[in-house]
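Everything on this sheet refers to the single structure shown next.
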Amino acid sequence: MPAAYEELGRQYGRSRQTDHRIAAAIRAALGDSTTLVNVGAGTGSYEPADLHTIAVEPAWQMITQRSRQDNVVQAYAESLPLRSQQVDAALAVLTIHHWADLRRGLAECWRVARRRIVVLTWDPHTAGFWLVQEYFPDLLALDQRIFPPLDLLTAELGRSSVQVLPIPHNCSDGFLGAYWRRPWAYLEDTVRAGMSSFARIDAVAPRLAQLQRDLERGVWQQRHSQLLAQDSLDLGYRLIVAERS
């Protein structure tokens with residue numbers, strides 16, 4: 001995926017912006033940490049301003065879109081260019097499913113982090129939501145295959161807690177589930193360009209055309225009218241916080 005992101009990531013910064021509610025949850029999970037390594041940092045959306053942060057990102061295309069360039073190094077999760085226990089915490093936001101070797105990457109996080117690891121991921125045992133259930137079941141199957149199960153993660157991380165992270169209806173970070181109450185957004189090329197999963201499946205255009213027809217005819221609204229009254233929704237995103245014993 002790092003090589004793929006050299007192409008996929010060209011417009012990433014346009015749709016993947018920091019959501020302040022997700023950022024607050026991540027900052028709370030980091031607790032009393034003062035130093036941080038952000039692994040698979042992308043464009044740096046969730047790097048707390050009050051922490052001294054080292055960003056690690058393999059894709060140069062992503063690095064060039066960062067607002068801050070002086071704290072980033074091009075490297076992989078499986079071989080972090082830090083000393084052992086150099087930072088208080090390691091952070092990984094929607095990235096571990098792209099790592100070539102999950103166990104080695106997590107072991108590297110524990111090698112460099114003195115206190116804790118915080119991981120934002122998606123639970124592959126959840127059923128997804130209307131987009132993947134009704135229009136892109138192959139996308140759901142793909143994500144269920146590439147996202148590691150939570151029990152595997154907690155086993156590798158050790159003593160840890162798992163928190164539900166509800167997604168607000170006006171989420172400003174355009175990952176796959178962000179537009180669950182804004183279905184028209186999935187028809188926009190710039191929105192989908194920030195979602196790596198769409199680049200991995202075929203026959204996208206006919207399914208988007210069906211979604212557009214369902215929206216224009218009011219079919220989607222009839223099926224999902226209950227969503228329009230909800231402020232947030234549990235889509236399976238989870239925040240895992242592991243503490244060093």
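Simple scheme: letters A, B, ... for chains in structure tokens order, numbers from 1 for residues in each chain, numbers from 1 for ligands in the order shown.
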
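Near Ala127 in chain A, within a cut-off of 12 Å and counting only C-alpha atoms, sit the residues Trp122, Val132, Gln133, Glu134, Pro137, Leu139, Leu140, Ala141, Asp143, Gln144, Asp234, Leu235, Gly236 and Tyr237 of chain A, with same-chain residues fewer than 5 positions away left out.
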
Taking a cut-off of 10 Å and counting only C-alpha atoms, can you build a table that, for each residue of range 32-108 of chain A near range 114-117 of chain A, reports the nearest atom pair and how far apart they are in Å (one decimal), sorted by chain then residue number, as a tab-separated table?
residue	atom	partner	partner_atom	distance
A:Asp32	CA	A:Arg115	CA	9.4
A:Ser33	CA	A:Arg115	CA	7.8
A:Thr35	CA	A:Arg114	CA	9.8
A:Leu36	CA	A:Ile117	CA	9.6
A:Val37	CA	A:Ile117	CA	9.6
A:Ser84	CA	A:Arg114	CA	8.4
A:Gln85	CA	A:Arg114	CA	4.8
A:Gln86	CA	A:Arg114	CA	7.2
A:Val87	CA	A:Arg114	CA	6.1
A:Asp88	CA	A:Arg114	CA	4.8
A:Ala89	CA	A:Arg116	CA	4.9
A:Ala90	CA	A:Ile117	CA	4.8
A:Leu91	CA	A:Ile117	CA	5.9
A:Ala92	CA	A:Ile117	CA	8.0
A:Leu106	CA	A:Ile117	CA	8.8

Residues just named, written with C-alpha atoms as a PDB file, in the first residue's frame:
ATOM      1  CA  ASP A  32      -0.264  12.282  30.128  1.00  0.00           C
ATOM      2  CA  SER A  33       2.061  11.575  27.220  1.00  0.00           C
ATOM      3  CA  THR A  35       6.236  12.776  23.362  1.00  0.00           C
ATOM      4  CA  LEU A  36       4.713  10.761  20.527  1.00  0.00           C
ATOM      5  CA  VAL A  37       5.493   8.808  17.389  1.00  0.00           C
ATOM      6  CA  SER A  84      14.118   2.078  22.252  1.00  0.00           C
ATOM      7  CA  GLN A  85      11.675   3.822  24.633  1.00  0.00           C
ATOM      8  CA  GLN A  86      12.410   7.165  22.986  1.00  0.00           C
ATOM      9  CA  VAL A  87       8.806   8.439  23.245  1.00  0.00           C
ATOM     10  CA  ASP A  88       5.956   8.167  25.713  1.00  0.00           C
ATOM     11  CA  ALA A  89       3.383   6.884  23.237  1.00  0.00           C
ATOM     12  CA  ALA A  90       2.869   5.472  19.762  1.00  0.00           C
ATOM     13  CA  LEU A  91      -0.195   6.374  17.700  1.00  0.00           C
ATOM     14  CA  ALA A  92      -1.586   4.565  14.644  1.00  0.00           C
ATOM     15  CA  LEU A 106       3.186  -3.482  16.827  1.00  0.00           C
TER      16      LEU A 106
END

Would you mind writing down, as an mmCIF file with N, CA and C atoms, in the first residue's frame, each residue of range 18-196 of chain A that DSSP on the backbone assigns to alpha helix (DSSP H)?
data_model
loop_
_atom_site.group_PDB
_atom_site.id
_atom_site.type_symbol
_atom_site.label_atom_id
_atom_site.label_comp_id
_atom_site.auth_asym_id
_atom_site.auth_seq_id
_atom_site.Cartn_x
_atom_site.Cartn_y
_atom_site.Cartn_z
ATOM 1 N N HIS A 20 -12.569 17.369 14.809
ATOM 2 C CA HIS A 20 -12.164 17.784 16.149
ATOM 3 C C HIS A 20 -12.663 16.824 17.232
ATOM 4 N N ARG A 21 -13.782 16.130 16.986
ATOM 5 C CA ARG A 21 -14.293 15.186 17.988
ATOM 6 C C ARG A 21 -13.444 13.923 18.031
ATOM 7 N N ILE A 22 -13.032 13.443 16.871
ATOM 8 C CA ILE A 22 -12.124 12.295 16.828
ATOM 9 C C ILE A 22 -10.772 12.691 17.420
ATOM 10 N N ALA A 23 -10.309 13.878 17.075
ATOM 11 C CA ALA A 23 -9.035 14.359 17.616
ATOM 12 C C ALA A 23 -9.078 14.435 19.139
ATOM 13 N N ALA A 24 -10.199 14.881 19.689
ATOM 14 C CA ALA A 24 -10.327 14.980 21.149
ATOM 15 C C ALA A 24 -10.290 13.600 21.797
ATOM 16 N N ALA A 25 -10.933 12.614 21.161
ATOM 17 C CA ALA A 25 -10.918 11.252 21.700
ATOM 18 C C ALA A 25 -9.507 10.676 21.673
ATOM 19 N N ILE A 26 -8.787 10.928 20.607
ATOM 20 C CA ILE A 26 -7.416 10.440 20.503
ATOM 21 C C ILE A 26 -6.526 11.123 21.540
ATOM 22 N N ARG A 27 -6.691 12.434 21.674
ATOM 23 C CA ARG A 27 -5.858 13.154 22.656
ATOM 24 C C ARG A 27 -6.137 12.655 24.074
ATOM 25 N N ALA A 28 -7.402 12.390 24.388
ATOM 26 C CA ALA A 28 -7.736 11.869 25.716
ATOM 27 C C ALA A 28 -7.098 10.502 25.932
ATOM 28 N N ALA A 29 -7.086 9.671 24.890
ATOM 29 C CA ALA A 29 -6.501 8.336 24.997
ATOM 30 C C ALA A 29 -4.990 8.402 25.219
ATOM 31 N N LEU A 30 -4.350 9.433 24.708
ATOM 32 C CA LEU A 30 -2.903 9.577 24.881
ATOM 33 C C LEU A 30 -2.535 10.000 26.296
ATOM 34 N N TRP A 60 5.867 9.129 0.028
ATOM 35 C CA TRP A 60 6.324 10.494 -0.162
ATOM 36 C C TRP A 60 5.177 11.416 -0.566
ATOM 37 N N GLN A 61 4.222 10.892 -1.331
ATOM 38 C CA GLN A 61 3.085 11.698 -1.757
ATOM 39 C C GLN A 61 2.299 12.222 -0.564
ATOM 40 N N MET A 62 2.195 11.415 0.481
ATOM 41 C CA MET A 62 1.500 11.843 1.692
ATOM 42 C C MET A 62 2.328 12.871 2.465
ATOM 43 N N ILE A 63 3.622 12.644 2.508
ATOM 44 C CA ILE A 63 4.505 13.552 3.236
ATOM 45 C C ILE A 63 4.445 14.953 2.653
ATOM 46 N N LEU A 102 1.958 -7.016 10.603
ATOM 47 C CA LEU A 102 1.277 -6.401 11.743
ATOM 48 C C LEU A 102 2.026 -6.639 13.044
ATOM 49 N N ARG A 103 2.398 -7.883 13.310
ATOM 50 C CA ARG A 103 3.051 -8.205 14.584
ATOM 51 C C ARG A 103 4.373 -7.459 14.731
ATOM 52 N N ARG A 104 5.133 -7.423 13.671
ATOM 53 C CA ARG A 104 6.405 -6.720 13.738
ATOM 54 C C ARG A 104 6.187 -5.223 13.946
ATOM 55 N N GLY A 105 5.182 -4.660 13.271
ATOM 56 C CA GLY A 105 4.886 -3.241 13.434
ATOM 57 C C GLY A 105 4.477 -2.898 14.852
ATOM 58 N N LEU A 106 3.606 -3.727 15.450
ATOM 59 C CA LEU A 106 3.186 -3.482 16.827
ATOM 60 C C LEU A 106 4.344 -3.672 17.800
ATOM 61 N N ALA A 107 5.183 -4.662 17.519
ATOM 62 C CA ALA A 107 6.358 -4.874 18.366
ATOM 63 C C ALA A 107 7.290 -3.660 18.308
ATOM 64 N N GLU A 108 7.413 -3.070 17.134
ATOM 65 C CA GLU A 108 8.229 -1.863 16.993
ATOM 66 C C GLU A 108 7.619 -0.699 17.784
ATOM 67 N N CYS A 109 6.302 -0.603 17.752
ATOM 68 C CA CYS A 109 5.643 0.446 18.538
ATOM 69 C C CYS A 109 5.949 0.287 20.017
ATOM 70 N N TRP A 110 5.900 -0.959 20.513
ATOM 71 C CA TRP A 110 6.216 -1.190 21.925
ATOM 72 C C TRP A 110 7.704 -0.979 22.200
ATOM 73 N N ARG A 111 8.542 -1.222 21.222
ATOM 74 C CA ARG A 111 9.973 -1.005 21.444
ATOM 75 C C ARG A 111 10.269 0.472 21.691
ATOM 76 N N VAL A 112 9.599 1.352 20.964
ATOM 77 C CA VAL A 112 9.948 2.769 21.048
ATOM 78 C C VAL A 112 9.095 3.536 22.054
ATOM 79 N N TRP A 130 -24.979 0.894 5.261
ATOM 80 C CA TRP A 130 -25.765 0.764 4.038
ATOM 81 C C TRP A 130 -24.937 0.806 2.756
ATOM 82 N N PRO A 137 -20.898 -4.770 -1.535
ATOM 83 C CA PRO A 137 -20.596 -5.884 -0.628
ATOM 84 C C PRO A 137 -19.173 -6.414 -0.798
ATOM 85 N N ASP A 138 -18.607 -6.265 -1.989
ATOM 86 C CA ASP A 138 -17.226 -6.700 -2.187
ATOM 87 C C ASP A 138 -16.250 -5.812 -1.414
ATOM 88 N N LEU A 139 -16.618 -4.548 -1.238
ATOM 89 C CA LEU A 139 -15.798 -3.649 -0.438
ATOM 90 C C LEU A 139 -15.847 -4.051 1.028
ATOM 91 N N LEU A 140 -17.034 -4.421 1.498
ATOM 92 C CA LEU A 140 -17.167 -4.909 2.866
ATOM 93 C C LEU A 140 -16.339 -6.174 3.060
ATOM 94 N N ALA A 141 -16.425 -7.096 2.108
ATOM 95 C CA ALA A 141 -15.661 -8.339 2.206
ATOM 96 C C ALA A 141 -14.165 -8.060 2.207
ATOM 97 N N LEU A 142 -13.744 -7.091 1.415
ATOM 98 C CA LEU A 142 -12.330 -6.721 1.375
ATOM 99 C C LEU A 142 -11.868 -6.191 2.725
ATOM 100 N N ASP A 143 -12.628 -5.246 3.279
ATOM 101 C CA ASP A 143 -12.223 -4.668 4.560
ATOM 102 C C ASP A 143 -12.272 -5.699 5.689
ATOM 103 N N GLN A 144 -13.241 -6.600 5.637
ATOM 104 C CA GLN A 144 -13.300 -7.645 6.658
ATOM 105 C C GLN A 144 -12.106 -8.586 6.564
ATOM 106 N N ARG A 145 -11.517 -8.661 5.385
ATOM 107 C CA ARG A 145 -10.350 -9.517 5.207
ATOM 108 C C ARG A 145 -9.054 -8.828 5.622
ATOM 109 N N ILE A 146 -8.931 -7.517 5.363
ATOM 110 C CA ILE A 146 -7.640 -6.869 5.594
ATOM 111 C C ILE A 146 -7.515 -6.224 6.969
ATOM 112 N N LEU A 150 -10.089 -7.645 16.435
ATOM 113 C CA LEU A 150 -9.738 -6.949 17.668
ATOM 114 C C LEU A 150 -9.070 -7.870 18.681
ATOM 115 N N ASP A 151 -9.494 -9.136 18.728
ATOM 116 C CA ASP A 151 -8.875 -10.047 19.697
ATOM 117 C C ASP A 151 -7.414 -10.307 19.357
ATOM 118 N N LEU A 152 -7.094 -10.318 18.071
ATOM 119 C CA LEU A 152 -5.694 -10.449 17.673
ATOM 120 C C LEU A 152 -4.898 -9.225 18.104
ATOM 121 N N LEU A 153 -5.468 -8.046 17.904
ATOM 122 C CA LEU A 153 -4.782 -6.818 18.282
ATOM 123 C C LEU A 153 -4.543 -6.746 19.783
ATOM 124 N N THR A 154 -5.566 -7.037 20.566
ATOM 125 C CA THR A 154 -5.405 -6.941 22.020
ATOM 126 C C THR A 154 -4.439 -8.008 22.535
ATOM 127 N N ALA A 155 -4.422 -9.167 21.880
ATOM 128 C CA ALA A 155 -3.465 -10.204 22.271
ATOM 129 C C ALA A 155 -2.033 -9.743 22.010
ATOM 130 N N GLU A 156 -1.816 -9.069 20.895
ATOM 131 C CA GLU A 156 -0.480 -8.590 20.559
ATOM 132 C C GLU A 156 -0.082 -7.385 21.405
ATOM 133 N N LEU A 157 -1.039 -6.541 21.716
ATOM 134 C CA LEU A 157 -0.740 -5.312 22.443
ATOM 135 C C LEU A 157 -0.599 -5.521 23.944
ATOM 136 N N ASP A 189 -16.072 12.372 -6.985
ATOM 137 C CA ASP A 189 -14.760 11.776 -7.230
ATOM 138 C C ASP A 189 -13.744 12.177 -6.165
ATOM 139 N N THR A 190 -13.759 13.449 -5.765
ATOM 140 C CA THR A 190 -12.764 13.915 -4.797
ATOM 141 C C THR A 190 -12.967 13.275 -3.429
ATOM 142 N N VAL A 191 -14.217 12.957 -3.089
ATOM 143 C CA VAL A 191 -14.499 12.273 -1.826
ATOM 144 C C VAL A 191 -13.960 10.849 -1.871
ATOM 145 N N ARG A 192 -14.269 10.123 -2.923
ATOM 146 C CA ARG A 192 -13.818 8.726 -3.026
ATOM 147 C C ARG A 192 -12.306 8.632 -3.169
#

(request) In Å, rounded to a single decimal, give me how far CA of Ala41 in chain A is from CA of Thr95 in chain A. (result)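 Between CA of Thr95 in chain A and CA of Ala41 in chain A the gap is 8.1 Å.
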
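For the pair CA of Leu233 in chain A and CA of Pro168 in chain A, the separation is 6.6 Å.
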
(message) Rounded to one decimal, what separation in Å do you get between CA of Ala229 in chain A and CA of Cys171 in chain A?
(response)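 That distance, rounded to one decimal, is 15.3 Å.
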
(request) Would you mind telling me which residue in A:Ser79, A:Glu188, A:Ser172, A:Arg238 lies nearest to Thr121 in chain A when using only C-alpha atoms? (result) A:Arg238

(request) as a ChimeraX atom specification, please: all residues of range 40-214 of chain A that backbone DSSP puts in strand (DSSP E or B). (result) /A:52-56,72-73,87-93,113-122,160-164,167-168,173

For the residues in the current selection, export C-alpha atoms as an mmCIF file, in the first residue's frame.
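Saved the output as result.cif:
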data_model
loop_
_atom_site.group_PDB
_atom_site.id
_atom_site.type_symbol
_atom_site.label_atom_id
_atom_site.label_comp_id
_atom_site.auth_asym_id
_atom_site.auth_seq_id
_atom_site.Cartn_x
_atom_site.Cartn_y
_atom_site.Cartn_z
ATOM 1 C CA HIS A 52 6.361 16.726 20.711
ATOM 2 C CA THR A 53 5.658 14.416 17.778
ATOM 3 C CA ILE A 54 7.797 12.418 15.381
ATOM 4 C CA ALA A 55 5.806 11.368 12.307
ATOM 5 C CA VAL A 56 6.682 8.187 10.387
ATOM 6 C CA VAL A 72 8.506 13.650 9.622
ATOM 7 C CA VAL A 73 10.711 10.811 8.456
ATOM 8 C CA VAL A 87 8.806 8.439 23.245
ATOM 9 C CA ASP A 88 5.956 8.167 25.713
ATOM 10 C CA ALA A 89 3.383 6.884 23.237
ATOM 11 C CA ALA A 90 2.869 5.472 19.762
ATOM 12 C CA LEU A 91 -0.195 6.374 17.700
ATOM 13 C CA ALA A 92 -1.586 4.565 14.644
ATOM 14 C CA VAL A 93 -4.703 6.038 13.005
ATOM 15 C CA ALA A 113 7.026 3.680 23.368
ATOM 16 C CA ARG A 114 7.572 3.868 27.125
ATOM 17 C CA ARG A 115 3.951 4.094 28.266
ATOM 18 C CA ARG A 116 1.189 3.334 25.770
ATOM 19 C CA ILE A 117 0.016 2.602 22.261
ATOM 20 C CA VAL A 118 -3.173 4.103 20.821
ATOM 21 C CA VAL A 119 -4.686 2.531 17.717
ATOM 22 C CA LEU A 120 -7.705 3.716 15.748
ATOM 23 C CA THR A 121 -9.024 0.859 13.629
ATOM 24 C CA TRP A 122 -12.205 -0.796 12.381
ATOM 25 C CA SER A 160 -5.599 -2.794 26.678
ATOM 26 C CA SER A 161 -9.097 -1.312 26.501
ATOM 27 C CA VAL A 162 -11.368 -1.044 23.474
ATOM 28 C CA GLN A 163 -13.568 2.030 23.097
ATOM 29 C CA VAL A 164 -16.437 2.545 20.664
ATOM 30 C CA ILE A 167 -18.910 8.787 13.916
ATOM 31 C CA PRO A 168 -20.684 12.173 13.862
ATOM 32 C CA ASP A 173 -12.489 13.455 7.985
#

(request) Find the residues around range 199-216 of chain A up to 10 Å (only C-alpha atoms counted), leave out those fewer than 4 positions away in its own chain, and share them as a ChimeraX atom specification. (result) /A:4,8,131,134-136,138-139,142,183-184,186-188,192-195,220-223

Write the selection just made, keeping C-alpha atoms, as a PDB file, in the first residue's frame?
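part_22.pdb was written with the following content:
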ATOM      1  CA  ALA A   4      -0.098   2.572  -4.033  1.00  0.00           C
ATOM      2  CA  LEU A   8      -3.912   7.279  -4.377  1.00  0.00           C
ATOM      3  CA  LEU A 131     -23.086   1.730   1.484  1.00  0.00           C
ATOM      4  CA  GLU A 134     -26.473  -2.553  -0.378  1.00  0.00           C
ATOM      5  CA  TYR A 135     -24.082  -1.274  -3.050  1.00  0.00           C
ATOM      6  CA  PHE A 136     -20.536  -2.507  -2.422  1.00  0.00           C
ATOM      7  CA  ASP A 138     -17.226  -6.700  -2.187  1.00  0.00           C
ATOM      8  CA  LEU A 139     -15.798  -3.649  -0.438  1.00  0.00           C
ATOM      9  CA  LEU A 142     -12.330  -6.721   1.375  1.00  0.00           C
ATOM     10  CA  PRO A 183     -25.116   9.751   0.751  1.00  0.00           C
ATOM     11  CA  TRP A 184     -24.691  12.201  -2.113  1.00  0.00           C
ATOM     12  CA  TYR A 186     -20.114   9.170  -2.244  1.00  0.00           C
ATOM     13  CA  LEU A 187     -20.905  10.207  -5.808  1.00  0.00           C
ATOM     14  CA  GLU A 188     -18.109  12.794  -5.762  1.00  0.00           C
ATOM     15  CA  ARG A 192     -13.818   8.726  -3.026  1.00  0.00           C
ATOM     16  CA  ALA A 193     -10.217   9.669  -3.835  1.00  0.00           C
ATOM     17  CA  GLY A 194      -9.577   9.827  -0.091  1.00  0.00           C
ATOM     18  CA  MET A 195     -10.840   6.262   0.440  1.00  0.00           C
ATOM     19  CA  TRP A 220     -32.592   5.619  -0.298  1.00  0.00           C
ATOM     20  CA  GLN A 221     -34.521   8.098   1.838  1.00  0.00           C
ATOM     21  CA  GLN A 222     -37.350   5.618   2.354  1.00  0.00           C
ATOM     22  CA  ARG A 223     -34.958   2.847   3.364  1.00  0.00           C
TER      23      ARG A 223
END

(message) Please determine, counting only C-alpha atoms, which residue among A:Ser67, A:Trp99, A:Arg181, A:Val39 has the shortest atom-to-atom distance to Leu80 in chain A.
(response)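 Checking each of A:Ser67, A:Trp99, A:Arg181, A:Val39 against Leu80 in chain A, counting only C-alpha atoms, the winner is A:Val39.
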
(request) Select, from A:Ser232, A:Thr43, A:Gln17, A:Ser197, the residue with the minimum atom-to-atom distance to Pro166 in chain A, counting only C-alpha atoms. (result)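 Closest to Pro166 in chain A of all the choices is A:Ser232.
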
(request) Select, from A:Ala75, A:Leu165, A:Leu51, A:Leu82, the residue with the minimum atom-to-atom distance to Asp123 in chain A, counting only C-alpha atoms. (result) A:Leu165
